[in-house]
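Chemist: For reference, the file protein.cif (mmCIF, C-alpha atoms) is included below:
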```cif
data_run
loop_
_atom_site.label_atom_id
_atom_site.label_comp_id
_atom_site.auth_asym_id
_atom_site.auth_seq_id
_atom_site.Cartn_x
_atom_site.Cartn_y
_atom_site.Cartn_z
CA MET A 1 -66.76 20.83 -24.09
CA ASN A 2 -65.18 17.38 -23.65
CA TYR A 3 -62.94 16.70 -26.63
CA TRP A 4 -61.34 13.63 -25.05
CA THR A 5 -63.81 10.77 -25.31
CA GLN A 6 -61.31 8.17 -26.53
CA SER A 7 -61.34 4.74 -24.90
CA PRO A 8 -60.49 1.13 -25.80
CA GLU A 9 -63.99 0.99 -27.31
CA ASN A 10 -63.56 4.29 -29.21
CA ILE A 11 -59.94 4.46 -30.29
CA TYR A 12 -58.98 7.86 -31.68
CA VAL A 13 -57.03 8.12 -34.93
CA ALA A 14 -54.32 10.77 -35.26
CA ALA A 15 -52.87 11.64 -38.66
CA HIS A 16 -49.07 11.65 -38.27
CA ARG A 17 -47.76 14.80 -39.97
CA GLY A 18 -51.12 14.86 -41.69
CA TRP A 19 -52.10 12.10 -44.11
CA SER A 20 -48.43 11.49 -44.80
CA ALA A 21 -48.66 8.07 -46.49
CA VAL A 22 -50.34 9.65 -49.52
CA TYR A 23 -49.52 13.35 -49.32
CA PRO A 24 -46.27 15.22 -48.56
CA GLU A 25 -45.84 15.26 -44.80
CA ASN A 26 -46.52 18.38 -42.73
CA THR A 27 -47.98 20.26 -45.71
CA MET A 28 -51.39 21.85 -45.89
CA ILE A 29 -52.67 19.31 -48.41
CA ALA A 30 -51.75 16.46 -46.03
CA ILE A 31 -53.45 18.28 -43.17
CA ARG A 32 -56.56 19.18 -45.19
CA LYS A 33 -57.05 15.68 -46.55
CA ALA A 34 -56.71 14.16 -43.06
CA ALA A 35 -59.18 16.64 -41.58
CA GLU A 36 -61.66 16.05 -44.41
CA LEU A 37 -61.30 12.29 -43.92
CA GLY A 38 -62.59 12.68 -40.38
CA VAL A 39 -59.60 11.86 -38.18
CA ASP A 40 -59.83 12.69 -34.50
CA GLN A 41 -56.44 14.36 -34.30
CA ILE A 42 -53.71 15.97 -36.38
CA GLU A 43 -50.08 15.60 -35.31
CA ILE A 44 -47.55 18.18 -36.51
CA ASP A 45 -43.99 19.32 -35.76
CA VAL A 46 -42.98 22.92 -35.06
CA ARG A 47 -39.62 24.62 -35.65
CA GLN A 48 -38.40 28.21 -35.94
CA THR A 49 -36.80 29.98 -38.88
CA LYS A 50 -33.79 32.27 -38.74
CA ASP A 51 -36.07 35.31 -38.51
CA GLY A 52 -38.21 33.84 -35.74
CA GLU A 53 -41.21 32.48 -37.66
CA LEU A 54 -42.88 29.26 -36.52
CA VAL A 55 -43.07 26.68 -39.31
CA ILE A 56 -44.31 23.11 -39.60
CA ILE A 57 -41.52 20.69 -40.49
CA HIS A 58 -40.13 17.61 -38.79
CA ASP A 59 -36.43 17.55 -39.64
CA ALA A 60 -33.79 20.03 -38.54
CA THR A 61 -32.92 20.49 -42.22
CA VAL A 62 -35.08 20.97 -45.31
CA ASP A 63 -33.06 18.45 -47.33
CA ARG A 64 -35.25 15.34 -47.05
CA THR A 65 -38.67 16.87 -47.68
CA THR A 66 -37.97 19.76 -50.05
CA ASP A 67 -35.94 20.63 -53.13
CA GLY A 68 -33.66 22.81 -51.00
CA SER A 69 -30.92 22.30 -48.46
CA GLY A 70 -29.81 23.75 -45.16
CA ASN A 71 -30.91 24.04 -41.56
CA VAL A 72 -34.39 25.39 -40.89
CA CYS A 73 -32.94 27.66 -38.21
CA ASP A 74 -30.50 29.17 -40.74
CA LEU A 75 -33.15 30.05 -43.32
CA THR A 76 -35.58 32.97 -43.28
CA LEU A 77 -39.29 32.46 -43.81
CA GLU A 78 -38.95 34.03 -47.26
CA GLU A 79 -36.28 31.47 -48.16
CA ILE A 80 -38.33 28.63 -46.66
CA LYS A 81 -41.41 29.63 -48.65
CA LYS A 82 -39.49 29.41 -51.93
CA LEU A 83 -38.84 25.71 -51.37
CA ASP A 84 -41.01 23.02 -52.93
CA ALA A 85 -42.24 20.73 -50.14
CA GLY A 86 -44.26 18.42 -52.39
CA VAL A 87 -42.19 17.45 -55.39
CA LYS A 88 -40.11 14.84 -53.56
CA LYS A 89 -43.29 12.97 -52.67
CA SER A 90 -44.62 13.11 -56.21
CA ALA A 91 -44.61 15.46 -59.18
CA GLU A 92 -48.37 15.88 -58.71
CA PHE A 93 -47.69 17.73 -55.44
CA ALA A 94 -45.17 20.15 -56.91
CA GLY A 95 -45.68 23.62 -55.52
CA GLU A 96 -46.69 22.60 -52.00
CA ARG A 97 -44.97 24.80 -49.42
CA ILE A 98 -43.86 24.47 -45.82
CA PRO A 99 -46.74 25.99 -43.82
CA THR A 100 -46.42 28.41 -40.95
CA PHE A 101 -47.97 27.49 -37.63
CA THR A 102 -50.42 30.35 -38.10
CA GLU A 103 -51.52 29.02 -41.49
CA PHE A 104 -52.18 25.66 -39.88
CA MET A 105 -54.16 27.18 -37.01
CA ASP A 106 -56.19 29.41 -39.33
CA TYR A 107 -57.31 26.29 -41.19
CA ILE A 108 -57.86 23.82 -38.36
CA LYS A 109 -59.84 26.23 -36.15
CA ASP A 110 -62.96 25.52 -38.23
CA PHE A 111 -63.01 21.82 -37.26
CA ASP A 112 -65.02 22.00 -34.06
CA MET A 113 -64.04 18.66 -32.49
CA MET A 114 -60.52 18.25 -33.87
CA THR A 115 -57.77 17.60 -31.35
CA LEU A 116 -54.11 18.40 -31.92
CA ASP A 117 -50.77 16.85 -31.02
CA ILE A 118 -48.10 19.55 -31.24
CA GLU A 119 -44.52 18.33 -31.19
CA LEU A 120 -41.91 20.94 -30.28
CA LYS A 121 -38.70 20.18 -32.17
CA LEU A 122 -36.40 22.75 -30.55
CA TYR A 123 -34.81 21.28 -27.43
CA PRO A 124 -33.07 23.21 -24.63
CA GLU A 125 -30.23 20.71 -24.86
CA ASP A 126 -29.48 22.09 -28.34
CA PHE A 127 -31.05 25.56 -28.50
CA GLY A 128 -30.91 26.76 -24.89
CA ASP A 129 -33.41 29.45 -23.92
CA THR A 130 -34.67 29.72 -27.50
CA ALA A 131 -36.43 26.37 -27.04
CA TYR A 132 -38.36 27.71 -24.05
CA GLU A 133 -39.21 30.93 -25.91
CA VAL A 134 -40.57 29.00 -28.89
CA CYS A 135 -42.55 26.78 -26.52
CA ASP A 136 -44.12 29.82 -24.88
CA ARG A 137 -45.05 31.30 -28.25
CA VAL A 138 -46.70 28.08 -29.39
CA LEU A 139 -48.68 27.77 -26.15
CA LYS A 140 -49.74 31.41 -26.35
CA GLN A 141 -51.00 30.98 -29.89
CA LEU A 142 -52.93 27.84 -29.00
CA VAL A 143 -54.67 29.76 -26.23
CA GLU A 144 -55.46 32.63 -28.60
CA TYR A 145 -57.13 30.19 -31.01
CA GLY A 146 -59.06 28.50 -28.22
CA PHE A 147 -57.28 25.17 -28.49
CA LYS A 148 -55.84 24.76 -25.01
CA ASP A 149 -58.47 22.21 -23.98
CA ARG A 150 -58.09 20.12 -27.11
CA CYS A 151 -54.38 19.68 -27.67
CA VAL A 152 -51.48 17.76 -26.22
CA ILE A 153 -47.92 19.08 -26.28
CA ASN A 154 -44.98 16.77 -26.76
CA SER A 155 -41.23 16.83 -27.04
CA PHE A 156 -38.31 14.42 -26.88
CA SER A 157 -36.75 16.71 -24.27
CA SER A 158 -37.46 15.91 -20.63
CA SER A 159 -36.26 19.41 -19.75
CA LEU A 160 -38.85 21.02 -22.01
CA ASN A 161 -41.59 18.66 -20.87
CA GLU A 162 -40.83 19.51 -17.25
CA TYR A 163 -40.78 23.22 -18.07
CA ILE A 164 -44.34 22.98 -19.40
CA CYS A 165 -45.38 20.99 -16.33
CA ASN A 166 -43.85 23.56 -13.99
CA LYS A 167 -45.80 26.38 -15.61
CA ASN A 168 -48.83 24.98 -13.74
CA GLU A 169 -51.16 26.01 -16.55
CA GLY A 170 -52.88 22.66 -17.00
CA TRP A 171 -51.46 21.71 -20.40
CA LYS A 172 -52.01 18.11 -21.45
CA GLN A 173 -48.63 16.55 -22.10
CA HIS A 174 -47.69 13.69 -24.36
CA VAL A 175 -44.47 11.83 -23.55
CA TYR A 176 -42.76 8.71 -24.87
CA TYR A 177 -42.05 5.15 -23.84
CA PRO A 178 -39.54 3.91 -22.96
CA ILE A 179 -38.19 6.84 -21.00
CA GLN A 180 -34.73 6.38 -22.53
CA PHE A 181 -36.01 7.97 -25.72
CA LEU A 182 -36.25 11.31 -23.89
CA ARG A 183 -33.31 13.70 -23.74
CA SER A 184 -32.06 14.48 -20.20
CA TYR A 185 -34.51 11.94 -18.73
CA ASP A 186 -31.98 11.10 -15.98
CA LYS A 187 -31.85 14.72 -14.79
CA CYS A 188 -35.57 15.44 -14.56
CA LYS A 189 -38.64 14.29 -12.70
CA ASP A 190 -40.47 11.20 -13.87
CA PRO A 191 -42.46 12.41 -16.92
CA TYR A 192 -45.09 9.75 -16.34
CA SER A 193 -45.94 11.51 -13.08
CA TYR A 194 -47.47 14.44 -14.99
CA ALA A 195 -48.14 13.08 -18.49
CA TYR A 196 -51.66 12.92 -19.88
CA CYS A 197 -50.73 10.32 -22.49
CA CYS A 198 -47.79 8.19 -23.52
CA CYS A 199 -46.84 7.07 -27.01
CA MET A 200 -45.88 3.39 -26.96
CA PHE A 201 -44.41 3.69 -30.40
CA GLY A 202 -42.59 1.37 -32.79
CA ALA A 203 -38.93 0.54 -32.99
CA PRO A 204 -36.75 2.14 -35.69
CA GLU A 205 -37.30 -0.85 -37.98
CA GLY A 206 -41.02 -0.16 -37.80
CA GLU A 207 -42.08 -3.00 -35.56
CA PHE A 208 -44.94 -2.47 -33.15
CA THR A 209 -43.60 -2.42 -29.59
CA GLY A 210 -44.94 -2.15 -26.09
CA THR A 211 -46.04 -5.21 -24.16
CA ALA A 212 -49.57 -5.64 -22.88
CA GLU A 213 -48.10 -5.21 -19.40
CA SER A 214 -46.55 -1.85 -20.26
CA TYR A 215 -49.93 -0.59 -21.48
CA VAL A 216 -51.52 -1.74 -18.24
CA ASP A 217 -48.71 -0.10 -16.27
CA MET A 218 -49.29 3.23 -18.02
CA LYS A 219 -52.99 3.07 -17.24
CA ALA A 220 -52.16 2.36 -13.60
CA LYS A 221 -50.06 5.54 -13.54
CA GLY A 222 -53.06 7.49 -14.79
CA VAL A 223 -51.49 7.93 -18.22
CA GLN A 224 -53.43 7.31 -21.45
CA PRO A 225 -51.67 4.55 -23.47
CA TRP A 226 -51.42 5.54 -27.12
CA ALA A 227 -49.97 3.56 -30.03
CA GLY A 228 -47.55 5.09 -32.48
CA ALA A 229 -47.03 5.57 -36.16
CA SER A 230 -45.73 2.08 -37.02
CA ILE A 231 -49.32 0.78 -37.12
CA LYS A 232 -50.57 0.54 -40.68
CA ASP A 233 -52.76 -2.54 -41.16
CA GLN A 234 -55.30 -4.85 -39.54
CA THR A 235 -52.63 -6.83 -37.70
CA GLY A 236 -51.28 -3.71 -36.02
CA VAL A 237 -54.75 -2.39 -35.27
CA ASP A 238 -55.79 -5.72 -33.72
CA GLU A 239 -52.68 -5.65 -31.54
CA ALA A 240 -53.43 -2.10 -30.44
CA ILE A 241 -56.99 -3.14 -29.57
CA ALA A 242 -55.72 -6.15 -27.62
CA LYS A 243 -53.36 -3.92 -25.63
CA LYS A 244 -56.17 -1.45 -24.99
CA ALA A 245 -54.57 1.51 -26.70
CA GLU A 246 -56.84 4.54 -26.70
CA LEU A 247 -55.36 6.36 -29.71
CA ILE A 248 -53.40 5.30 -32.78
CA THR A 249 -51.10 7.72 -34.55
CA CYS A 250 -50.63 6.64 -38.15
CA ASN A 251 -49.47 7.71 -41.59
CA ASN A 252 -52.43 6.08 -43.38
CA PRO A 253 -55.52 7.12 -41.41
CA ASP A 254 -57.89 5.90 -44.12
CA VAL A 255 -56.77 2.31 -43.65
CA VAL A 256 -56.55 2.49 -39.86
CA LEU A 257 -60.04 4.01 -39.57
CA GLU A 258 -61.47 1.24 -41.72
CA CYS A 259 -59.69 -1.44 -39.68
CA LEU A 260 -60.98 0.01 -36.40
CA ARG A 261 -64.52 0.27 -37.69
CA LYS A 262 -64.42 -3.38 -38.76
CA ARG A 263 -63.75 -4.22 -35.11
CA GLY A 264 -66.34 -1.77 -33.79
CA ALA A 265 -63.60 0.24 -32.12
CA HIS A 266 -64.22 3.69 -33.62
CA LYS A 267 -67.41 5.71 -33.37
#
```
Could you take the file, read its structure, and then write that structure out as structure tokens?
Modeler:
Amino acid sequence: MNYWTQSPENIYVAAHRGWSAVYPENTMIAIRKAAELGVDQIEIDVRQTKDGELVIIHDATVDRTTDGSGNVCDLTLEEIKKLDAGVKKSAEFAGERIPTFTEFMDYIKDFDMMTLDIELKLYPEDFGDTAYEVCDRVLKQLVEYGFKDRCVINSFSSSLNEYICNKNEGWKQHVYYPIQFLRSYDKCKDPYSYAYCCCMFGAPEGEFTGTAESYVDMKAKGVQPWAGASIKDQTGVDEAIAKKAELITCNNPDVVLECLRKRGAHK
């Protein structure tokens, strides 16, 4: 089965942390609504609790997205599950919880053509061997669910990216541009030499970045040029089309899908 039919004429849409513009990020409601909308990909972040459970949350702490506080790695799954992960988005989402990776996989397995972008948030630079162990567990579970051929793995750690590459198991890897965004980039091999795709994402202030030349350069390296989560309207979509991006990661997939379809750039 070929899950990767994206092109400049059929630009994939990835829901960043689920449909996070409307629903609380990295929660099951955000993931469900994005999948039901018909996105091509779901992007999530994976961390580990104190008792070794894999959970879906972006930040190192629970403070921003829940009614609790503390480091994810210092809380047990039982403690994590008591936190409200929806109320800070809106009172209507009160009661949403931080999902486990298994809960996510149990749901998404029923979407036959869905692709995944799994971001590993534990870096060897901070967590040592634990980062590699978590990586191995995530990869193992993806294989068990039959998702190896339809997911990309990404991390802001060059060391972890290279570790996956050196496993020689054929994992598609998603890295970032420019290379300076990657931890330990100066100590590792060129990630663009093994990457499947590259996120040419926006600057911290939310501006769309990446020159047309940089997109062409990525393609010349054999790396799929993807556009990142700063794109949110027709102007951004038109720029992504002009630069021949082959996937757009976004917080508002409903709007981005409509904009692409207006330009005949999504099947």
Chemist: If you count only C-alpha atoms, which residues fall within 7 Å of stretch 49-56 of chain A, apart from same-chain ones fewer than 4 positions away, as a PyMOL selection string?
Modeler: chain A and resi 26+44-45+72-77+98-101
Chemist: I'd like the neighbourhood of A:Ala245 as a PDB file with C-alpha atoms, in the coordinates of the input, where a residue qualifies if any of its atoms comes within 9 Å (using only C-alpha atoms), though same-chain residues fewer than 4 positions away should be ignored.
Modeler:
```pdb
ATOM      1  CA  SER A   7     -61.340   4.740 -24.900  1.00  0.00           C
ATOM      2  CA  PRO A   8     -60.490   1.130 -25.800  1.00  0.00           C
ATOM      3  CA  ILE A  11     -59.940   4.460 -30.290  1.00  0.00           C
ATOM      4  CA  MET A 200     -45.880   3.390 -26.960  1.00  0.00           C
ATOM      5  CA  TYR A 215     -49.930  -0.590 -21.480  1.00  0.00           C
ATOM      6  CA  GLN A 224     -53.430   7.310 -21.450  1.00  0.00           C
ATOM      7  CA  PRO A 225     -51.670   4.550 -23.470  1.00  0.00           C
ATOM      8  CA  TRP A 226     -51.420   5.540 -27.120  1.00  0.00           C
ATOM      9  CA  ALA A 227     -49.970   3.560 -30.030  1.00  0.00           C
ATOM     10  CA  GLU A 239     -52.680  -5.650 -31.540  1.00  0.00           C
ATOM     11  CA  ALA A 240     -53.430  -2.100 -30.440  1.00  0.00           C
ATOM     12  CA  ILE A 241     -56.990  -3.140 -29.570  1.00  0.00           C
TER      13      ILE A 241
END
```
Chemist: Starting from the PyMOL selection byres ((chain A and resi 110) around 12), expand the selection into actual residues of this file and give them as a list in words.
Modeler: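 On this input, the PyMOL selection byres ((chain A and resi 110) around 12) captures Arg32, Ala35, Glu36, Phe104, Met105, Asp106, Tyr107, Ile108, Lys109, Phe111, Asp112, Met113, Met114, Thr115, Tyr145, Gly146 and Phe147 of chain A.
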Chemist: Would you compute the distance between atom CA of A:Asp233 and atom CA of A:Asn251? Give it in Å to one decimal.
Modeler: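 A separation of 10.8 Å between them.
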Chemist: Just the number, please: distance in Å from atom CA of A:Cys198 to atom CA of A:Glu103, one decimal.
Modeler: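 Atom CA of A:Cys198 sits 27.8 Å away from atom CA of A:Glu103.
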Chemist: Given the file above and the PyMOL selection byres ((chain A and resi 148) around 10), which residues are selected, and can you give them as a count of residues only?
Modeler: 20
Chemist: I would like the residues chosen by the PyMOL selection byres ((chain A and resi 12-24) around 8) on the shown file; could you give them as a VMD selection string?
Modeler: chain A and resid 6 to 7 10 to 11 25 to 27 29 to 34 39 to 45 65 85 to 86 88 to 89 93 229 246 to 253 256 to 257 266
Chemist: One decimal, in Å: what's the spacing between atom CA of A:Ala195 and atom CA of A:Glu258?
Modeler: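 Computed distance, atom CA of A:Ala195 to atom CA of A:Glu258, equals 29.3 Å.
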Chemist: Got a sec to check which residues sit within 12 Å of (-36.3, 14.4, -21.4), counting only C-alpha atoms, and write them as JSON, numbers by chain?
Modeler: {"A": [123, 124, 125, 154, 155, 156, 157, 158, 159, 160, 161, 162, 163, 164, 174, 175, 176, 177, 178, 179, 180, 181, 182, 183, 184, 185, 186, 187, 188, 189, 190, 191, 192]}
Chemist: Determine, counting only C-alpha atoms, every residue of protein, DNA or RNA that lies within 8 Å of (-41.6, 22.2, -32.9) in the file coordinates, then give the result as a list in words.
Modeler: Asp45, Val46, Arg47, Gln48, Val55, Ile56, Ile57, His58, Ile118, Glu119, Leu120, Lys121, Leu122, Val134, Cys135 and Ser155 of chain A
Chemist: Determine the axis-aligned bounding box of all atoms of stretch 52-71 of chain A present in the file, pad each side by 8 Å, and express its centre and edge lengths in Å to one decimal place as AutoDock Vina command-line options.
Modeler:
```
--center_x -37.1 --center_y 24.6 --center_z -44.4 --size_x 30.5 --size_y 34.5 --size_z 33.4
```
Chemist: Which residue is closest to A:Gly264? Choose from A:Ala212, A:Val87, A:Lys221, A:Glu9 and count all atoms listed in the file.
Modeler: A:Glu9
